[in-house]
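Shown next, in structure tokens, is the structure this report addresses.
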Amino acid sequence: MKLRLIFVIVFLGLVSVVANSKTYKYRVQLKDKRHTTCTTENPKEFLSDRAIERRKRQGLKIDSTDFPVCKVYIDRISEQGGKVLLTSKWNNTLLVKVPDEKMAVEFLKNDFVESVKQVWVSSETDSSVKKDRKKEVTNEYNKIDDYYGVAAEQIRMHNGDSLHLAGFKGDGMHVAVIDAGFYNVDRIKFFKKSRILGTKDFVNPDSDIYAEHNHGLKVFSCMAVNKPHVMVGTAPEASYWLLRSEDNDTEQPVEEDYWAAAIEFADSVGVDVVNTSLGYYAFDNPEYNYNYRQLDGCTSLMSASASMAADKGILVVCSAGNSGASTWKKITPPGDAFGILTVGAVDVDGVNTDFSSVGNTVDGRIKPDVMAVGFRTGVAGTNGGTAYGNGTSFSCPVFCGLVTCLWEACPWLTVKEIIDVVHRSSDRYDYPDNIFGYGVTDMWKAYKLGLERKNK
């Protein structure tokens with residue numbers, strides 16, 4: 001009897017410990033890469049042929065930021081009890097999981113560690129996945145007379161149909177979509193013709209990316225759907241990588257680490273364009289919140305990574321954010337990054353939506369850059385039919401697909417030149433502001449400007 005009682009007490013104690021146990025993730029900032037075995041003479045050891053070619057085409061040098069994080073440092077942190085989940089070669093950081101906060105303090109004793117920041121804390125829980133998600137898909141939809149279906153007005157606003165008629169629909173271009181999950185994309189007939197190169201989940205490598213959030217489904221559809229008279233996206237013939245960096249359960253700084261790893265992966269496999277309809281300025285722990293003074297293009301880890309991607313010849317297209325009607329109002333990182341296109345939202349009449357975040361950056365750069373339809377934007381629904389969505393999350397991919405087609409049409413342009421051509425072809429170029437930026441872009445005008453650049 002006593003033995004049984006002791007067992008119950010011990011068992012309950014263990015349950016209590018398990019229930020209250022937490023694990024932690026830390027961003028470990030490293031000082032250098034002095035132990036690297038990589039050299040700029042052998043870039044194929046750490047970059048794909050497409051990634052190398054993209055740099056060469058735009059006259060960009062391969063340097064030490066392209067080298068992976070030193071394995072010696074990863075091994076040392078692992079020996080000290082940390083589980084290295086992800087690395088960022090551009091920022092020279094490690095994302096390390098530990099069972100004890102004290103362990104992270106020990107990392108600081110290494111002479112190669114610059115700083116340690118807690119970016120995630122939580123009890124370990126199993127993510128719930130809808131086992132019957134596929135039953136939601138009916139693939140029922142209505143056809144209409146217009147070739148573009150429900151996406152007609154959001155494409156024609158930019159003369160995107162003229163680019164398509166000229167044969168530029170994204171063929172040969174590789175686009176990475178970094179988002180929250182791509183719910184049912186594998187079951188929806190709209191995507192049967194979509195060119196998906198691969199998927200990768202940076203939040204939970206063991207998850208089914210098609211069973212996660214539906215936000216990425218809708219974002220992806222704005223570009224990739226190719227169902228005439230139902231819905232045709234802005235870059236229906238481009239090839240896509242579907243990458244997940246958003247953790248839907250919490251809002252913590254670790255999501256910036258996931259995103260940084262995702263965009264570096266996109267670079268390594270040689271994408272040309274990145275679409276991201278994600279951004280962060282407020283977190284579950286207010287101590288980590290950003291302020292206006294930090295909209296400088298480099299304080300946020302995501303912004304620093306987006307700026308670096310631009311330096312590597314990638315065109316990053318980012319949503320401005322949906323805080324226009326809130327107390328924050330401003331664009332959200334990484335929308336403040338250097339050398340990227342930040343997209344706000346208008347309706348089909350060109351009127352700005354009240355939710356579209358405004359600029360400018362703290363150093364006075366014009367943001368958002370341009371506007372696209374983000375109110376009643378035609379998207380794919382989780383049931384395989386068409387639907388409508390509101391948000392800069394959707395104006396962003398609408399524009400991203402169009403500028404992807406523009407770059408296909410003008411491959412001689414660099415990232416900086418593409419952005420300049422887009423600005424010059426927008427209806428407020430002569431008087432940009434912090435609401436519309438340079439305005440609504442005429443893609444056919446941009447194409448003609450691109451041809452002029454070639455002939456000079």
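Simple scheme: letters A, B, ... for chains in structure tokens order, numbers from 1 for residues in each chain, numbers from 1 for ligands in the order shown.
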
- request: Would you mind writing down, as number ranges by chain, each residue of segment 316-376 of chain A that DSSP on the backbone assigns to strand (DSSP E)?
  value: A: 316-319, 341-346, 370-373

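Look at Leu301 of chain A: the protein and nucleic acid residues within 9 Å of it, using only C-alpha atoms and passing over chain neighbours fewer than 2 places away, are Asn91, Pro253, Glu256, Asp257, Trp259, Ala260, Cys298, Thr299, Ser303, Ala304, Ser305, Ala306, Pro333 and Pro334 of chain A.
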
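Neighbouring residues of Gly313 of chain A at 7 Å or closer, counting only C-alpha atoms and skipping chain neighbours under 2 positions away, are Arg54, Arg55, Gln58, Ala309, Ala310, Asp311, Leu315 and Val415 of chain A.
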
Please extract the residues of segment 120-252 of chain A with a backbone DSSP assignment of helix (DSSP H, G or I) and present them as a short mmCIF file (atom, residue, chain, number, x, y, z; two decimals) with N, CA and C atoms, in the first residue's frame.
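And here's selection.cif as it stands now:
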data_model
loop_
_atom_site.label_atom_id
_atom_site.label_comp_id
_atom_site.auth_asym_id
_atom_site.auth_seq_id
_atom_site.Cartn_x
_atom_site.Cartn_y
_atom_site.Cartn_z
N ARG A 133 -8.20 17.14 -43.97
CA ARG A 133 -8.11 18.39 -44.75
C ARG A 133 -8.47 18.16 -46.22
N LYS A 134 -8.10 17.00 -46.75
CA LYS A 134 -8.31 16.75 -48.17
C LYS A 134 -9.80 16.66 -48.52
N LYS A 135 -10.62 16.37 -47.50
CA LYS A 135 -12.05 16.28 -47.75
C LYS A 135 -12.67 17.65 -48.00
N GLU A 136 -11.96 18.71 -47.61
CA GLU A 136 -12.47 20.07 -47.83
C GLU A 136 -12.46 20.45 -49.31
N ALA A 152 -8.73 39.32 -63.22
CA ALA A 152 -8.62 40.22 -64.37
C ALA A 152 -8.22 41.64 -64.00
N GLU A 153 -8.96 42.25 -63.09
CA GLU A 153 -8.72 43.67 -62.80
C GLU A 153 -7.38 43.89 -62.10
N GLN A 154 -6.96 42.96 -61.28
CA GLN A 154 -5.69 43.16 -60.56
C GLN A 154 -4.48 43.03 -61.48
N ILE A 155 -4.68 42.40 -62.64
CA ILE A 155 -3.61 42.29 -63.62
C ILE A 155 -3.65 43.45 -64.61
N ARG A 156 -4.82 43.78 -65.07
CA ARG A 156 -4.94 44.83 -66.09
C ARG A 156 -4.63 46.22 -65.53
N GLY A 160 -0.43 44.36 -67.08
CA GLY A 160 0.25 43.07 -67.02
C GLY A 160 -0.17 42.14 -68.14
N ASP A 161 -1.40 42.31 -68.62
CA ASP A 161 -1.88 41.49 -69.73
C ASP A 161 -1.07 41.74 -70.99
N SER A 162 -0.56 42.97 -71.16
CA SER A 162 0.28 43.27 -72.32
C SER A 162 1.58 42.49 -72.27
N LEU A 163 2.16 42.37 -71.08
CA LEU A 163 3.38 41.56 -70.92
C LEU A 163 3.08 40.10 -71.27
N HIS A 164 1.97 39.61 -70.79
CA HIS A 164 1.60 38.22 -71.05
C HIS A 164 1.36 37.98 -72.54
N LEU A 165 0.68 38.91 -73.19
CA LEU A 165 0.41 38.77 -74.62
C LEU A 165 1.69 38.77 -75.44
N LYS A 189 -6.92 21.42 -57.91
CA LYS A 189 -6.67 21.26 -59.34
C LYS A 189 -6.07 22.51 -59.98
N PHE A 190 -6.33 23.68 -59.39
CA PHE A 190 -5.75 24.92 -59.93
C PHE A 190 -4.23 24.81 -60.08
N PHE A 191 -3.61 24.03 -59.21
CA PHE A 191 -2.15 23.98 -59.16
C PHE A 191 -1.55 22.78 -59.90
N ILE A 209 3.96 20.45 -45.15
CA ILE A 209 3.79 21.87 -45.46
C ILE A 209 2.43 22.15 -46.09
N TYR A 210 1.79 21.12 -46.65
CA TYR A 210 0.47 21.27 -47.26
C TYR A 210 -0.66 21.11 -46.24
N ALA A 211 -0.29 20.84 -45.00
CA ALA A 211 -1.29 20.73 -43.94
C ALA A 211 -1.21 21.90 -42.97
N HIS A 215 -2.60 30.65 -45.50
CA HIS A 215 -2.16 31.96 -45.98
C HIS A 215 -1.28 31.82 -47.22
N GLY A 216 -0.33 30.90 -47.17
CA GLY A 216 0.56 30.70 -48.30
C GLY A 216 -0.14 30.20 -49.55
N LEU A 217 -1.19 29.41 -49.35
CA LEU A 217 -2.01 28.94 -50.47
C LEU A 217 -2.55 30.14 -51.26
N LYS A 218 -3.12 31.09 -50.54
CA LYS A 218 -3.74 32.25 -51.19
C LYS A 218 -2.68 33.14 -51.84
N VAL A 219 -1.57 33.33 -51.14
CA VAL A 219 -0.48 34.13 -51.68
C VAL A 219 0.05 33.50 -52.97
N PHE A 220 0.36 32.23 -52.90
CA PHE A 220 0.88 31.50 -54.05
C PHE A 220 -0.06 31.56 -55.23
N SER A 221 -1.36 31.46 -54.97
CA SER A 221 -2.34 31.44 -56.05
C SER A 221 -2.33 32.72 -56.87
N CYS A 222 -2.03 33.86 -56.24
CA CYS A 222 -2.02 35.14 -56.96
C CYS A 222 -1.03 35.14 -58.11
N MET A 223 0.00 34.31 -57.98
CA MET A 223 1.03 34.24 -59.03
C MET A 223 0.89 33.00 -59.91
N ALA A 224 0.59 31.85 -59.30
CA ALA A 224 0.84 30.58 -59.97
C ALA A 224 -0.36 29.89 -60.60
#

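Nearest residue to Ser64 of chain A, choosing from A:Leu85, A:Met231, A:Cys38, A:Ala380 and counting only C-alpha atoms: A:Cys38.
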
message: Could you tell me how far atom CA of Met443 of chain A sits from atom CA of Asn226 of chain A, in Å to one decimal place?
response: 19.9 Å

Please list as a PDB file with all heavy atoms, in the first residue's frame every residue within 8 Å of Thr404 of chain A, counting only C-alpha atoms and excluding residues in the same chain fewer than 4 positions away.
ATOM      1  N   GLY A 170       6.675  34.434 -67.076  1.00  0.00           N
ATOM      2  CA  GLY A 170       7.526  33.944 -65.994  1.00  0.00           C
ATOM      3  C   GLY A 170       8.338  32.716 -66.340  1.00  0.00           C
ATOM      4  O   GLY A 170       9.058  32.195 -65.479  1.00  0.00           O
ATOM      5  N   MET A 173      11.972  31.629 -64.914  1.00  0.00           N
ATOM      6  CA  MET A 173      12.248  32.353 -63.678  1.00  0.00           C
ATOM      7  C   MET A 173      11.939  31.469 -62.475  1.00  0.00           C
ATOM      8  O   MET A 173      10.927  30.760 -62.457  1.00  0.00           O
ATOM      9  CB  MET A 173      11.409  33.633 -63.603  1.00  0.00           C
ATOM     10  CG  MET A 173      11.645  34.604 -64.752  1.00  0.00           C
ATOM     11  SD  MET A 173      13.313  35.283 -64.760  1.00  0.00           S
ATOM     12  CE  MET A 173      13.249  36.376 -63.334  1.00  0.00           C
ATOM     13  N   ALA A 235       2.197  35.320 -62.749  1.00  0.00           N
ATOM     14  CA  ALA A 235       3.366  34.648 -63.332  1.00  0.00           C
ATOM     15  C   ALA A 235       3.078  33.149 -63.419  1.00  0.00           C
ATOM     16  O   ALA A 235       3.701  32.334 -62.748  1.00  0.00           O
ATOM     17  CB  ALA A 235       4.618  34.903 -62.495  1.00  0.00           C
ATOM     18  N   VAL A 273      13.766  35.564 -57.668  1.00  0.00           N
ATOM     19  CA  VAL A 273      12.837  36.464 -56.981  1.00  0.00           C
ATOM     20  C   VAL A 273      12.329  35.789 -55.713  1.00  0.00           C
ATOM     21  O   VAL A 273      12.118  34.570 -55.689  1.00  0.00           O
ATOM     22  CB  VAL A 273      11.641  36.823 -57.893  1.00  0.00           C
ATOM     23  CG1 VAL A 273      10.695  37.797 -57.200  1.00  0.00           C
ATOM     24  CG2 VAL A 273      12.132  37.403 -59.225  1.00  0.00           C
ATOM     25  N   CYS A 400       4.507  40.885 -57.372  1.00  0.00           N
ATOM     26  CA  CYS A 400       5.698  40.053 -57.504  1.00  0.00           C
ATOM     27  C   CYS A 400       5.678  39.256 -58.795  1.00  0.00           C
ATOM     28  O   CYS A 400       6.683  39.166 -59.508  1.00  0.00           O
ATOM     29  CB  CYS A 400       5.819  39.119 -56.302  1.00  0.00           C
ATOM     30  SG  CYS A 400       7.292  38.077 -56.333  1.00  0.00           S
ATOM     31  N   GLU A 408      11.916  38.574 -66.682  1.00  0.00           N
ATOM     32  CA  GLU A 408      12.061  37.594 -67.754  1.00  0.00           C
ATOM     33  C   GLU A 408      12.215  38.308 -69.088  1.00  0.00           C
ATOM     34  O   GLU A 408      13.046  37.915 -69.926  1.00  0.00           O
ATOM     35  CB  GLU A 408      10.835  36.681 -67.803  1.00  0.00           C
ATOM     36  CG  GLU A 408      10.840  35.697 -68.967  1.00  0.00           C
ATOM     37  CD  GLU A 408       9.456  35.174 -69.338  1.00  0.00           C
ATOM     38  OE1 GLU A 408       8.471  35.538 -68.667  1.00  0.00           O
ATOM     39  OE2 GLU A 408       9.363  34.399 -70.313  1.00  0.00           O
TER      40      GLU A 408
END

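Of the listed residues (A:Cys70, A:Ala372, A:Leu94, A:Cys410), A:Cys410 comes nearest to Asn455 of chain A; the distances count only C-alpha atoms.
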
query: Any idea what's packed within 9 Å of Ser48 of chain A, counting only C-alpha atoms, ignoring anything in its chain fewer than 2 positions away? Could you give it as a PyMOL selection string?
result: chain A and resi 43-46+50-53+267-270

Selection to disk with C-alpha atoms, as a compact mmCIF listing (two decimals), in the first residue's frame:
# COMPACT_ATOMS: atom_id res chain seq x y z
CA PRO A 43 31.99 28.46 -54.90
CA LYS A 44 30.32 25.26 -56.12
CA GLU A 45 31.06 23.78 -52.70
CA PHE A 46 28.42 26.02 -51.13
CA ARG A 50 22.18 29.11 -60.72
CA ALA A 51 23.23 31.09 -57.64
CA ILE A 52 26.72 31.57 -59.07
CA GLU A 53 25.39 32.55 -62.47
CA ASP A 267 19.71 32.06 -52.58
CA SER A 268 21.69 28.82 -52.47
CA VAL A 269 19.35 27.05 -54.91
CA GLY A 270 19.50 30.01 -57.28

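Each of A:Trp407, A:Pro228, A:Ala176, A:Asn214 was checked against Gly389 of chain A using only C-alpha atoms; the smallest atom-to-atom distance is that of A:Asn214.
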
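Distances here use only C-alpha atoms; by that measure, the residue among A:Asp201, A:Glu79, A:Glu140, A:Glu41 closest to Val98 of chain A is A:Glu79.
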
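Excluding Val317 of chain A and any residue on its chain fewer than 4 positions from it, the residues at most 8 Å away by only C-alpha atoms are Val273, Val274, Asn275, Thr276, Ile340, Leu341, Thr342, Val343, Cys396, Pro397 and Cys400 of chain A.
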
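Using only C-alpha atoms, the smallest distance between any of A:Cys405, A:Ala282, A:Val440, A:Val185 and Ser300 of chain A comes from A:Ala282.
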
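Closest approach to Pro411 of chain A among A:Ile435, A:Ile331, A:Ala337, A:Leu451 is made by A:Leu451 (distances from only C-alpha atoms).
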
- request: Just the residues within 6 Å of segment 242-251 of chain A, please, counting only C-alpha atoms, with nothing from its chain fewer than 4 positions along; format it as a VMD selection string.
  value: chain A and resid 177 to 181 199 to 203 258 to 259 283 to 284

- prompt: In Å to one decimal, how far is atom CA of Lys169 of chain A from atom CA of Gly384 of chain A?
  reply: 22.7 Å
